[in-house]
Structure formats: structure tokens, C-alpha cells
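Colleague: For reference, this is input-v5.cif, and it has mmCIF, C-alpha atoms.
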```
data_input
#
loop_
_atom_site.group_PDB
_atom_site.id
_atom_site.type_symbol
_atom_site.label_atom_id
_atom_site.label_comp_id
_atom_site.auth_asym_id
_atom_site.auth_seq_id
_atom_site.Cartn_x
_atom_site.Cartn_y
_atom_site.Cartn_z
ATOM 1 C CA MET A 9 20.137 -21.918 -25.384
ATOM 2 C CA GLU A 10 19.310 -25.622 -25.686
ATOM 3 C CA GLU A 11 19.014 -25.894 -21.904
ATOM 4 C CA MET A 12 16.596 -22.980 -21.895
ATOM 5 C CA LYS A 13 14.478 -24.585 -24.622
ATOM 6 C CA ALA A 14 14.401 -27.852 -22.676
ATOM 7 C CA ALA A 15 13.254 -25.987 -19.555
ATOM 8 C CA VAL A 16 10.459 -24.310 -21.493
ATOM 9 C CA ARG A 17 9.357 -27.637 -22.974
ATOM 10 C CA GLY A 18 9.325 -29.130 -19.465
ATOM 11 C CA ARG A 19 7.077 -26.361 -18.187
ATOM 12 C CA GLN A 20 4.756 -26.812 -21.116
ATOM 13 C CA ARG A 21 4.399 -30.506 -20.348
ATOM 14 C CA THR A 22 3.489 -29.915 -16.687
ATOM 15 C CA PRO A 23 -0.254 -30.615 -16.370
ATOM 16 C CA GLU A 24 -2.587 -28.652 -14.153
ATOM 17 C CA PRO A 25 -2.768 -30.333 -10.741
ATOM 18 C CA GLU A 26 -5.603 -32.236 -9.168
ATOM 19 C CA ILE A 27 -6.743 -30.059 -6.272
ATOM 20 C CA SER A 28 -6.240 -32.565 -3.471
ATOM 21 C CA TYR A 29 -3.651 -33.306 -0.778
ATOM 22 C CA PHE A 30 -1.575 -35.685 -2.910
ATOM 23 C CA GLY A 31 -2.343 -34.008 -6.232
ATOM 24 C CA LEU A 32 -0.885 -30.753 -4.959
ATOM 25 C CA GLN A 33 2.159 -32.471 -3.458
ATOM 26 C CA ALA A 34 2.892 -33.998 -6.851
ATOM 27 C CA TYR A 35 2.488 -30.657 -8.616
ATOM 28 C CA LEU A 36 4.674 -28.788 -6.137
ATOM 29 C CA GLY A 37 7.315 -31.525 -6.118
ATOM 30 C CA THR A 38 7.296 -32.372 -2.419
ATOM 31 C CA THR A 39 6.617 -35.439 -0.297
ATOM 32 C CA LYS A 40 5.882 -35.342 3.427
ATOM 33 C CA HIS A 41 6.160 -37.906 6.161
ATOM 34 C CA MET A 42 6.568 -37.434 9.875
ATOM 35 C CA GLY A 43 10.105 -37.214 11.214
ATOM 36 C CA GLY A 44 11.647 -35.793 8.058
ATOM 37 C CA LEU A 45 15.111 -36.808 6.914
ATOM 38 C CA GLU A 46 16.172 -38.015 10.372
ATOM 39 C CA SER A 47 13.454 -40.654 10.410
ATOM 40 C CA THR A 48 14.309 -41.754 6.884
ATOM 41 C CA ARG A 49 17.929 -42.267 7.919
ATOM 42 C CA ASP A 50 16.882 -44.143 11.060
ATOM 43 C CA LEU A 51 14.585 -46.433 9.067
ATOM 44 C CA VAL A 52 17.243 -47.135 6.430
ATOM 45 C CA GLU A 53 19.714 -48.053 9.168
ATOM 46 C CA MET A 54 17.150 -50.338 10.840
ATOM 47 C CA CYS A 55 17.017 -52.195 7.511
ATOM 48 C CA HIS A 56 20.827 -52.349 7.143
ATOM 49 C CA ALA A 57 21.100 -50.666 3.745
ATOM 50 C CA ASP A 58 24.517 -50.297 2.162
ATOM 51 C CA GLU A 59 26.155 -50.019 -1.253
ATOM 52 C CA HIS A 60 25.350 -53.661 -2.025
ATOM 53 C CA ALA A 61 21.598 -53.324 -1.475
ATOM 54 C CA TYR A 62 18.873 -53.175 -4.113
ATOM 55 C CA VAL A 63 16.056 -51.215 -2.458
ATOM 56 C CA LEU A 64 12.420 -50.788 -3.433
ATOM 57 C CA ASP A 65 10.909 -47.476 -2.266
ATOM 58 C CA VAL A 66 7.125 -47.957 -2.313
ATOM 59 C CA GLY A 67 5.197 -44.694 -2.532
ATOM 60 C CA CYS A 68 8.373 -42.857 -3.479
ATOM 61 C CA GLY A 69 6.576 -39.565 -4.041
ATOM 62 C CA ALA A 70 8.881 -36.852 -5.370
ATOM 63 C CA GLY A 71 11.956 -39.072 -4.952
ATOM 64 C CA ALA A 72 13.612 -37.622 -1.842
ATOM 65 C CA THR A 73 14.126 -40.942 -0.040
ATOM 66 C CA ALA A 74 15.275 -42.702 -3.210
ATOM 67 C CA CYS A 75 17.906 -40.018 -3.723
ATOM 68 C CA THR A 76 18.989 -40.244 -0.077
ATOM 69 C CA LEU A 77 19.410 -44.013 -0.414
ATOM 70 C CA ALA A 78 21.565 -43.637 -3.511
ATOM 71 C CA LYS A 79 23.601 -40.642 -2.308
ATOM 72 C CA GLU A 80 24.218 -41.409 1.353
ATOM 73 C CA PHE A 81 24.095 -45.213 1.411
ATOM 74 C CA GLY A 82 25.244 -46.083 -2.125
ATOM 75 C CA ALA A 83 22.233 -48.336 -2.767
ATOM 76 C CA ASP A 84 20.612 -49.043 -6.123
ATOM 77 C CA VAL A 85 16.954 -48.037 -5.953
ATOM 78 C CA MET A 86 13.646 -48.757 -7.648
ATOM 79 C CA GLY A 87 11.011 -46.183 -6.722
ATOM 80 C CA VAL A 88 7.310 -46.714 -7.395
ATOM 81 C CA ASP A 89 4.299 -44.481 -6.892
ATOM 82 C CA LEU A 90 0.639 -44.643 -7.838
ATOM 83 C CA ARG A 91 0.703 -41.192 -9.455
ATOM 84 C CA GLU A 92 2.431 -40.593 -12.775
ATOM 85 C CA SER A 93 2.839 -36.934 -11.780
ATOM 86 C CA MET A 94 4.858 -38.008 -8.720
ATOM 87 C CA ILE A 95 7.064 -40.222 -10.868
ATOM 88 C CA SER A 96 7.760 -37.264 -13.154
ATOM 89 C CA ARG A 97 8.864 -35.153 -10.189
ATOM 90 C CA ALA A 98 11.007 -38.004 -8.849
ATOM 91 C CA GLU A 99 12.742 -38.384 -12.211
ATOM 92 C CA GLU A 100 13.395 -34.643 -12.303
ATOM 93 C CA ARG A 101 14.964 -34.783 -8.849
ATOM 94 C CA ALA A 102 17.198 -37.758 -9.657
ATOM 95 C CA ALA A 103 18.375 -36.004 -12.833
ATOM 96 C CA ARG A 104 19.165 -32.776 -10.927
ATOM 97 C CA GLU A 105 21.207 -34.740 -8.390
ATOM 98 C CA GLY A 106 23.060 -36.796 -11.020
ATOM 99 C CA LEU A 107 21.655 -40.111 -9.785
ATOM 100 C CA THR A 108 19.930 -41.507 -12.867
ATOM 101 C CA ASP A 109 22.457 -44.352 -13.051
ATOM 102 C CA LYS A 110 21.488 -45.453 -9.512
ATOM 103 C CA ILE A 111 17.701 -44.993 -9.515
ATOM 104 C CA GLU A 112 14.768 -46.100 -11.662
ATOM 105 C CA PHE A 113 11.134 -45.048 -11.210
ATOM 106 C CA ARG A 114 7.872 -46.701 -12.248
ATOM 107 C CA VAL A 115 4.153 -46.193 -11.767
ATOM 108 C CA ALA A 116 2.812 -49.010 -9.557
ATOM 109 C CA ASP A 117 0.232 -49.770 -6.862
ATOM 110 C CA ALA A 118 1.471 -50.829 -3.408
ATOM 111 C CA ARG A 119 -1.344 -53.405 -3.288
ATOM 112 C CA ASP A 120 -0.245 -55.121 -6.515
ATOM 113 C CA LEU A 121 3.457 -54.640 -7.174
ATOM 114 C CA PRO A 122 4.657 -55.553 -10.696
ATOM 115 C CA PHE A 123 7.685 -57.567 -9.547
ATOM 116 C CA GLU A 124 8.535 -61.222 -9.134
ATOM 117 C CA ASP A 125 8.899 -62.751 -5.688
ATOM 118 C CA GLY A 126 12.140 -62.076 -3.821
ATOM 119 C CA VAL A 127 13.656 -59.380 -6.043
ATOM 120 C CA PHE A 128 14.815 -56.768 -3.517
ATOM 121 C CA ASP A 129 17.178 -56.789 -0.552
ATOM 122 C CA ILE A 130 15.129 -54.106 1.226
ATOM 123 C CA VAL A 131 11.624 -52.718 0.762
ATOM 124 C CA LEU A 132 10.764 -49.362 2.358
ATOM 125 C CA SER A 133 7.517 -47.440 2.568
ATOM 126 C CA GLU A 134 6.936 -44.099 4.307
ATOM 127 C CA SER A 135 3.454 -42.803 5.121
ATOM 128 C CA VAL A 136 1.742 -44.925 2.456
ATOM 129 C CA ALA A 137 -0.112 -47.826 4.086
ATOM 130 C CA THR A 138 -1.776 -45.399 6.510
ATOM 131 C CA PHE A 139 -3.808 -44.133 3.543
ATOM 132 C CA ILE A 140 -4.848 -47.620 2.354
ATOM 133 C CA ALA A 141 -7.728 -49.573 3.867
ATOM 134 C CA ASP A 142 -6.345 -53.078 3.253
ATOM 135 C CA LYS A 143 -3.057 -52.639 5.090
ATOM 136 C CA GLN A 144 -2.424 -56.366 5.435
ATOM 137 C CA ARG A 145 -2.496 -56.718 1.656
ATOM 138 C CA VAL A 146 0.101 -53.956 1.345
ATOM 139 C CA LEU A 147 2.365 -55.564 3.945
ATOM 140 C CA SER A 148 2.028 -58.959 2.268
ATOM 141 C CA GLU A 149 3.061 -57.437 -1.074
ATOM 142 C CA LEU A 150 6.092 -55.739 0.463
ATOM 143 C CA SER A 151 7.081 -59.038 2.061
ATOM 144 C CA ARG A 152 6.502 -60.981 -1.161
ATOM 145 C CA VAL A 153 8.975 -58.968 -3.242
ATOM 146 C CA VAL A 154 11.794 -58.910 -0.673
ATOM 147 C CA LYS A 155 14.402 -61.669 -0.634
ATOM 148 C CA THR A 156 14.582 -64.228 2.137
ATOM 149 C CA GLY A 157 16.736 -62.606 4.801
ATOM 150 C CA GLY A 158 15.919 -59.125 3.519
ATOM 151 C CA PHE A 159 14.127 -56.357 5.396
ATOM 152 C CA VAL A 160 10.806 -54.541 5.137
ATOM 153 C CA GLY A 161 10.705 -51.101 6.773
ATOM 154 C CA LEU A 162 7.801 -48.724 7.431
ATOM 155 C CA ASN A 163 7.338 -45.190 8.696
ATOM 156 C CA GLU A 164 3.636 -44.724 9.486
ATOM 157 C CA GLU A 165 1.365 -42.487 11.541
ATOM 158 C CA ILE A 166 0.151 -43.925 14.844
ATOM 159 C CA TRP A 167 -2.010 -42.980 17.798
ATOM 160 C CA LEU A 168 0.270 -42.675 20.813
ATOM 161 C CA ASN A 169 -2.808 -42.280 23.033
ATOM 162 C CA ARG A 170 -6.491 -42.881 22.414
ATOM 163 C CA PRO A 171 -7.716 -39.696 20.680
ATOM 164 C CA LEU A 172 -10.535 -37.546 21.999
ATOM 165 C CA PRO A 173 -13.928 -38.003 20.311
ATOM 166 C CA GLY A 174 -13.911 -36.338 16.906
ATOM 167 C CA LEU A 175 -10.153 -35.756 16.801
ATOM 168 C CA ALA A 176 -9.424 -38.765 14.577
ATOM 169 C CA GLU A 177 -12.084 -37.724 12.079
ATOM 170 C CA THR A 178 -10.838 -34.121 11.968
ATOM 171 C CA ALA A 179 -7.187 -35.089 11.431
ATOM 172 C CA GLY A 180 -8.154 -37.702 8.855
ATOM 173 C CA SER A 181 -10.249 -35.283 6.817
ATOM 174 C CA ILE A 182 -7.496 -32.638 6.706
ATOM 175 C CA TRP A 183 -4.878 -35.155 5.544
ATOM 176 C CA GLU A 184 -7.425 -37.052 3.435
ATOM 177 C CA ILE A 185 -6.855 -40.266 5.403
ATOM 178 C CA GLU A 186 -9.996 -42.325 4.979
ATOM 179 C CA PRO A 187 -8.941 -45.558 6.774
ATOM 180 C CA GLU A 188 -8.403 -45.824 10.507
ATOM 181 C CA ILE A 189 -5.066 -44.642 11.912
ATOM 182 C CA LEU A 190 -3.531 -47.548 13.848
ATOM 183 C CA THR A 191 -1.564 -48.015 17.056
ATOM 184 C CA ALA A 192 2.038 -49.230 17.102
ATOM 185 C CA ALA A 193 0.866 -52.633 18.364
ATOM 186 C CA ALA A 194 -1.444 -52.988 15.356
ATOM 187 C CA TRP A 195 1.374 -52.214 12.919
ATOM 188 C CA LEU A 196 3.624 -54.794 14.569
ATOM 189 C CA GLN A 197 0.879 -57.364 14.211
ATOM 190 C CA LEU A 198 0.547 -56.564 10.501
ATOM 191 C CA LEU A 199 4.269 -57.179 9.972
ATOM 192 C CA LYS A 200 3.946 -60.494 11.776
ATOM 193 C CA GLY A 201 0.926 -61.367 9.625
ATOM 194 C CA ALA A 202 3.031 -60.730 6.525
ATOM 195 C CA GLY A 203 5.416 -63.503 7.579
ATOM 196 C CA LEU A 204 8.211 -61.271 8.875
ATOM 197 C CA ARG A 205 10.391 -62.064 11.890
ATOM 198 C CA ASP A 206 12.878 -60.218 14.143
ATOM 199 C CA ILE A 207 10.363 -57.383 14.140
ATOM 200 C CA ALA A 208 11.372 -54.101 15.766
ATOM 201 C CA GLY A 209 9.503 -50.861 16.317
ATOM 202 C CA ARG A 210 10.307 -47.368 17.563
ATOM 203 C CA THR A 211 7.651 -44.773 18.350
ATOM 204 C CA PHE A 212 8.000 -41.003 18.282
ATOM 205 C CA ALA A 213 5.980 -38.010 19.359
ATOM 206 C CA PHE A 214 5.968 -34.904 17.173
ATOM 207 C CA ASP A 215 9.340 -33.154 17.481
ATOM 208 C CA VAL A 216 10.046 -29.838 15.779
ATOM 209 C CA ARG A 217 13.774 -30.572 15.508
ATOM 210 C CA ARG A 218 13.230 -33.874 13.701
ATOM 211 C CA GLU A 219 10.524 -32.381 11.483
ATOM 212 C CA SER A 220 12.813 -29.519 10.491
ATOM 213 C CA SER A 221 15.314 -32.019 9.068
ATOM 214 C CA GLN A 222 13.075 -32.030 5.984
ATOM 215 C CA LEU A 223 14.458 -28.550 5.236
ATOM 216 C CA LYS A 224 17.938 -30.059 4.916
ATOM 217 C CA ARG A 225 16.585 -32.886 2.754
ATOM 218 C CA ASP A 226 14.972 -30.579 0.223
ATOM 219 C CA GLY A 227 17.329 -27.608 0.213
ATOM 220 C CA PHE A 228 16.868 -23.989 -0.830
ATOM 221 C CA ASP A 229 16.467 -24.663 -4.568
ATOM 222 C CA ASP A 230 13.652 -27.150 -3.978
ATOM 223 C CA TYR A 231 11.825 -24.784 -1.647
ATOM 224 C CA TRP A 232 12.164 -21.936 -4.127
ATOM 225 C CA ARG A 233 10.628 -24.122 -6.848
ATOM 226 C CA MET A 234 7.767 -25.098 -4.530
ATOM 227 C CA PHE A 235 7.145 -21.480 -3.551
ATOM 228 C CA SER A 236 7.150 -20.350 -7.177
ATOM 229 C CA ARG A 237 4.722 -23.079 -8.226
ATOM 230 C CA THR A 238 2.440 -22.360 -5.273
ATOM 231 C CA LEU A 239 2.344 -18.635 -5.984
ATOM 232 C CA SER A 240 1.738 -19.157 -9.698
ATOM 233 C CA LEU A 241 -1.061 -21.638 -9.039
ATOM 234 C CA TYR A 242 -2.678 -19.354 -6.450
ATOM 235 C CA ILE A 243 -2.714 -16.446 -8.897
ATOM 236 C CA ARG A 244 -4.223 -18.313 -11.838
ATOM 237 C CA ASP A 245 -6.429 -21.050 -10.366
ATOM 238 C CA PRO A 246 -9.657 -20.133 -8.504
ATOM 239 C CA ALA A 247 -10.136 -23.764 -7.409
ATOM 240 C CA PHE A 248 -6.755 -23.721 -5.644
ATOM 241 C CA ARG A 249 -7.573 -20.415 -3.944
ATOM 242 C CA ALA A 250 -10.858 -21.886 -2.723
ATOM 243 C CA TYR A 251 -9.068 -25.029 -1.484
ATOM 244 C CA MET A 252 -6.583 -22.928 0.496
ATOM 245 C CA ARG A 253 -9.361 -20.791 2.000
ATOM 246 C CA ASP A 254 -11.334 -23.872 3.038
ATOM 247 C CA GLU A 255 -8.324 -25.785 4.351
ATOM 248 C CA ARG A 256 -8.855 -26.312 8.081
ATOM 249 C CA ARG A 257 -6.136 -26.120 10.685
ATOM 250 C CA LEU A 258 -5.255 -29.166 12.753
ATOM 251 C CA PRO A 259 -6.537 -29.028 16.328
ATOM 252 C CA GLU A 260 -3.876 -27.586 18.639
ATOM 253 C CA ASP A 261 -3.780 -30.720 20.803
ATOM 254 C CA VAL A 262 -3.585 -33.278 17.970
ATOM 255 C CA PHE A 263 0.092 -34.058 18.596
ATOM 256 C CA ASP A 264 -0.665 -34.942 22.210
ATOM 257 C CA TYR A 265 -2.197 -38.060 20.680
ATOM 258 C CA LEU A 266 -0.732 -38.493 17.179
ATOM 259 C CA GLY A 267 2.817 -39.600 16.453
ATOM 260 C CA TYR A 268 4.571 -42.044 14.159
ATOM 261 C CA GLY A 269 6.400 -45.319 14.272
ATOM 262 C CA LEU A 270 9.380 -46.832 12.517
ATOM 263 C CA PHE A 271 8.920 -50.568 12.031
ATOM 264 C CA ALA A 272 11.188 -53.183 10.461
ATOM 265 C CA GLY A 273 11.094 -56.933 10.029
ATOM 266 C CA ARG A 274 13.212 -59.592 8.346
ATOM 267 C CA LYS A 275 11.765 -62.130 5.916
#
```
Using the file provided, produce a representation of the structure as C-alpha cells.
Modeller:
Amino acid sequence: MEEMKAAVRGRQRTPEPEISYFGLQAYLGTTKHMGGLESTRDLVEMCHADEHAYVLDVGCGAGATACTLAKEFGADVMGVDLRESMISRAEERAAREGLTDKIEFRVADARDLPFEDGVFDIVLSESVATFIADKQRVLSELSRVVKTGGFVGLNEEIWLNRPLPGLAETAGSIWEIEPEILTAAAWLQLLKGAGLRDIAGRTFAFDVRRESSQLKRDGFDDYWRMFSRTLSLYIRDPAFRAYMRDERRLPEDVFDYLGYGLFAGRK
């Protein structure tokens, strides 16, 4: 009975979502980045995470990567996100998975992190800096809070080939990416500009198999919660119904040009 009351109180506290790309992700309790769970694991391994590491997950979203770090690699994790609603979802996820002793979450801006210099062994960020105009400032902040000898790792969207006229604008408007999407070479230069060394990068085209690894990351229970929230919101909220009707499809050839890169550097 007490568990049921707590569940009801939790539903009552859930605010109505902002009808936007990230606002809806926070409400539904999901976080997306290209490459799914496989790319997260690859990036974590590029940064040499283990049970001794203290990791900062910048733009943690709904907490999937933070939970993967704690569960699979044994790391202690601090997750930060700009949205309080995302932090709430991340805390819910960590509690469901029994990881609250390994993970802490805070509201924070990637451009102005509330930590002293050299606190973390590893700093990770997945599909965050792509959405921020001053990317060098973000990279400098990530580098500032990592220890000397520690690693900074990124998973970010890239142009594999120069896009056709209008394609960049169309993709950016659908995903609400206002800044320019960069090439892999530009991301590597940003890491160098942040004072990192031993920089490595791997680029990937869109791959259905890798993308589908997100299904394994989230699991049936998570997808059922997302479906239930989506259906409930669609029924009761005219603004959400209008957003879904107006939502444009990506051009069929976008992934001939758009991919993602995994980048890591040592301080």
C-alpha cells in the first residue's frame, strides 16, 4: 500500500512537458544519441573506465549512460544535465536499478560546470556539444574538471560528407540543432584546443544494428513506460498532437552524409 501511495505521489509531481525535442525526451524518460549502447561502451573503453574511476557524465539525460558506467564498469558517477526534469528521470532510473550508492545527479550547464579543477578521472559527453554554439568553451570546461592524466570522451554528430544544399538546415530543424554540425577533423581540433593530448577519433555511418542496441539499454519496462506516457500525453494535450502532426520526416538520404564520431583525449 505504501509503495502504491508513493507511486501516485510521483505521478502527481510530474509536470506537464515542454513541447520540444528535449522537453519531450525528459517527460518520456529517454535519451538518444547515435550508436546506442554499443557506442557508449566503445567510448567508455576508449577512456579506460574501471571500478576505480570517478566519472562525470555531462548532459546525462535520463541517466542511461550513468547507470551503464556504474553497473558494467563499477565506476562512481556524477551526472549533470541542464534540465531539472531530466535529472528527475535519471534519479528514478538509478533508484529502479539499485545504483543510488554509486551515482549522484545535479542540475548544471556544460558551459559552466560547478566543480573545482581536476576533480574527475574521466569526463564523458554524448550528443551535447553538437547543440551548443560555443563548442570550444564546452570542451575547455570538460578538460578543466578532469585530472591530469585523465580522459575526456565525446560522442557527437558529424558530417561524413559535405551535405547537399538545404540538407543541413532540414536535419537541424527537425532535431532542433541550431549551431553548425561539424566534421570529425573539426572535433579533433576542438579537443586539441582544450589542451588535450593523445587524441583519438573513430567515425561511424548510421548502422541499424548499432542503433538497435539502445533497445537492450532501455529494456521492455522502460519502453512500456515511454509508450504509456506518450499515449496519455497524445490523448490529453492538443499541443502535443499538433507537434506530432507537424513533425517532419528526415530526408531519406540524410544518412549518406550524416554520421557520428567517438573522440577521446588525455589531459
Colleague: Choose the residue, out of A:Arg210, A:Ala179, A:Ser93, A:Cys75, that has the smallest atom-to-atom separation from Glu260 of chain A; count all atoms listed in the file.
Modeller: A:Ala179
Colleague: For atom CA of Gly269 of chain A and atom CA of Thr211 of chain A, determine how far apart the two atoms are, in Å to one decimal place.
Modeller: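 About the pair atom CA of Gly269 of chain A and atom CA of Thr211 of chain A: they are 4.3 Å apart.
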Colleague: Would you mind telling me which residue in A:Leu77, A:Leu168, A:Ala213, A:Ala272 lies nearest to Glu59 of chain A when using all atoms listed in the file?
Modeller: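 Smallest distance to Glu59 of chain A is found for A:Leu77.
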Colleague: Would you write out, as a compact mmCIF listing (two decimals) with C-alpha atoms, in the frame of the given file, every residue that the PyMOL selection byres ((chain A and resi 63) around 12) captures in this file?
Modeller:
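Below you can see part-v9.txt, which holds the result:
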```txt
# COMPACT_ATOMS: atom_id res chain seq x y z
CA VAL A 52 17.24 -47.14 6.43
CA CYS A 55 17.02 -52.20 7.51
CA HIS A 56 20.83 -52.35 7.14
CA ALA A 57 21.10 -50.67 3.74
CA ASP A 58 24.52 -50.30 2.16
CA GLU A 59 26.16 -50.02 -1.25
CA HIS A 60 25.35 -53.66 -2.02
CA ALA A 61 21.60 -53.32 -1.48
CA TYR A 62 18.87 -53.18 -4.11
CA LEU A 64 12.42 -50.79 -3.43
CA ASP A 65 10.91 -47.48 -2.27
CA VAL A 66 7.12 -47.96 -2.31
CA CYS A 68 8.37 -42.86 -3.48
CA THR A 73 14.13 -40.94 -0.04
CA ALA A 74 15.28 -42.70 -3.21
CA CYS A 75 17.91 -40.02 -3.72
CA THR A 76 18.99 -40.24 -0.08
CA LEU A 77 19.41 -44.01 -0.41
CA ALA A 78 21.56 -43.64 -3.51
CA PHE A 81 24.10 -45.21 1.41
CA GLY A 82 25.24 -46.08 -2.12
CA ALA A 83 22.23 -48.34 -2.77
CA ASP A 84 20.61 -49.04 -6.12
CA VAL A 85 16.95 -48.04 -5.95
CA MET A 86 13.65 -48.76 -7.65
CA GLY A 87 11.01 -46.18 -6.72
CA VAL A 88 7.31 -46.71 -7.40
CA LYS A 110 21.49 -45.45 -9.51
CA ILE A 111 17.70 -44.99 -9.52
CA GLU A 112 14.77 -46.10 -11.66
CA PHE A 113 11.13 -45.05 -11.21
CA GLY A 126 12.14 -62.08 -3.82
CA VAL A 127 13.66 -59.38 -6.04
CA PHE A 128 14.82 -56.77 -3.52
CA ASP A 129 17.18 -56.79 -0.55
CA ILE A 130 15.13 -54.11 1.23
CA VAL A 131 11.62 -52.72 0.76
CA LEU A 132 10.76 -49.36 2.36
CA SER A 133 7.52 -47.44 2.57
CA LEU A 150 6.09 -55.74 0.46
CA VAL A 153 8.98 -58.97 -3.24
CA VAL A 154 11.79 -58.91 -0.67
CA LYS A 155 14.40 -61.67 -0.63
CA GLY A 158 15.92 -59.12 3.52
CA PHE A 159 14.13 -56.36 5.40
CA VAL A 160 10.81 -54.54 5.14
CA GLY A 161 10.70 -51.10 6.77
```
Colleague: As an exercise, work out the distance from atom CA of Ile189 of chain A to atom CA of Thr138 of chain A in Å and give it to one decimal place.
Modeller: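 Taking atom CA of Ile189 of chain A as the start and atom CA of Thr138 of chain A as the end point, the length is 6.4 Å.
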Colleague: Running the PyMOL selection byres ((chain A and resi 72) around 12) on this model by hand, what would come out? Give it as a PyMOL selection string.
Modeller: chain A and resi 37-41+44-45+48-49+65+67-71+73-80+85+87+94-95+97-102+104-105+107+111+134+222-227+230
Colleague: Please report the interatomic distance between atom CA of Leu239 of chain A and atom CA of Ser96 of chain A in Å with one decimal.
Modeller: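 A separation of 20.7 Å between them.
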Colleague: Within 8 Å of Ala116 of chain A, counting all atoms listed in the file, which residues show up once you throw out same-chain ones fewer than 4 positions away? Write them as a list in words, please.
Modeller: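 Once the adjacent positions are removed, what remains is Val88, Asp89, Leu90, Asp120, Leu121 and Pro122 of chain A.
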Colleague: Restricting the calculation to all atoms listed in the file, which member of A:Arg249, A:Arg218, A:Lys200, A:Arg237 is positioned closest to Gly43 of chain A?
Modeller: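 Among the listed residues, the smallest separation from Gly43 of chain A belongs to A:Arg218.
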Colleague: What do you get, as a list in words, if you spell out every residue that the PyMOL selection byres ((chain A and resi 141) around 8) selects here?
Modeller: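 Applied to this file, the PyMOL selection byres ((chain A and resi 141) around 8) returns Ala137, Thr138, Phe139, Ile140, Asp142, Lys143, Glu186, Pro187 and Glu188 of chain A.
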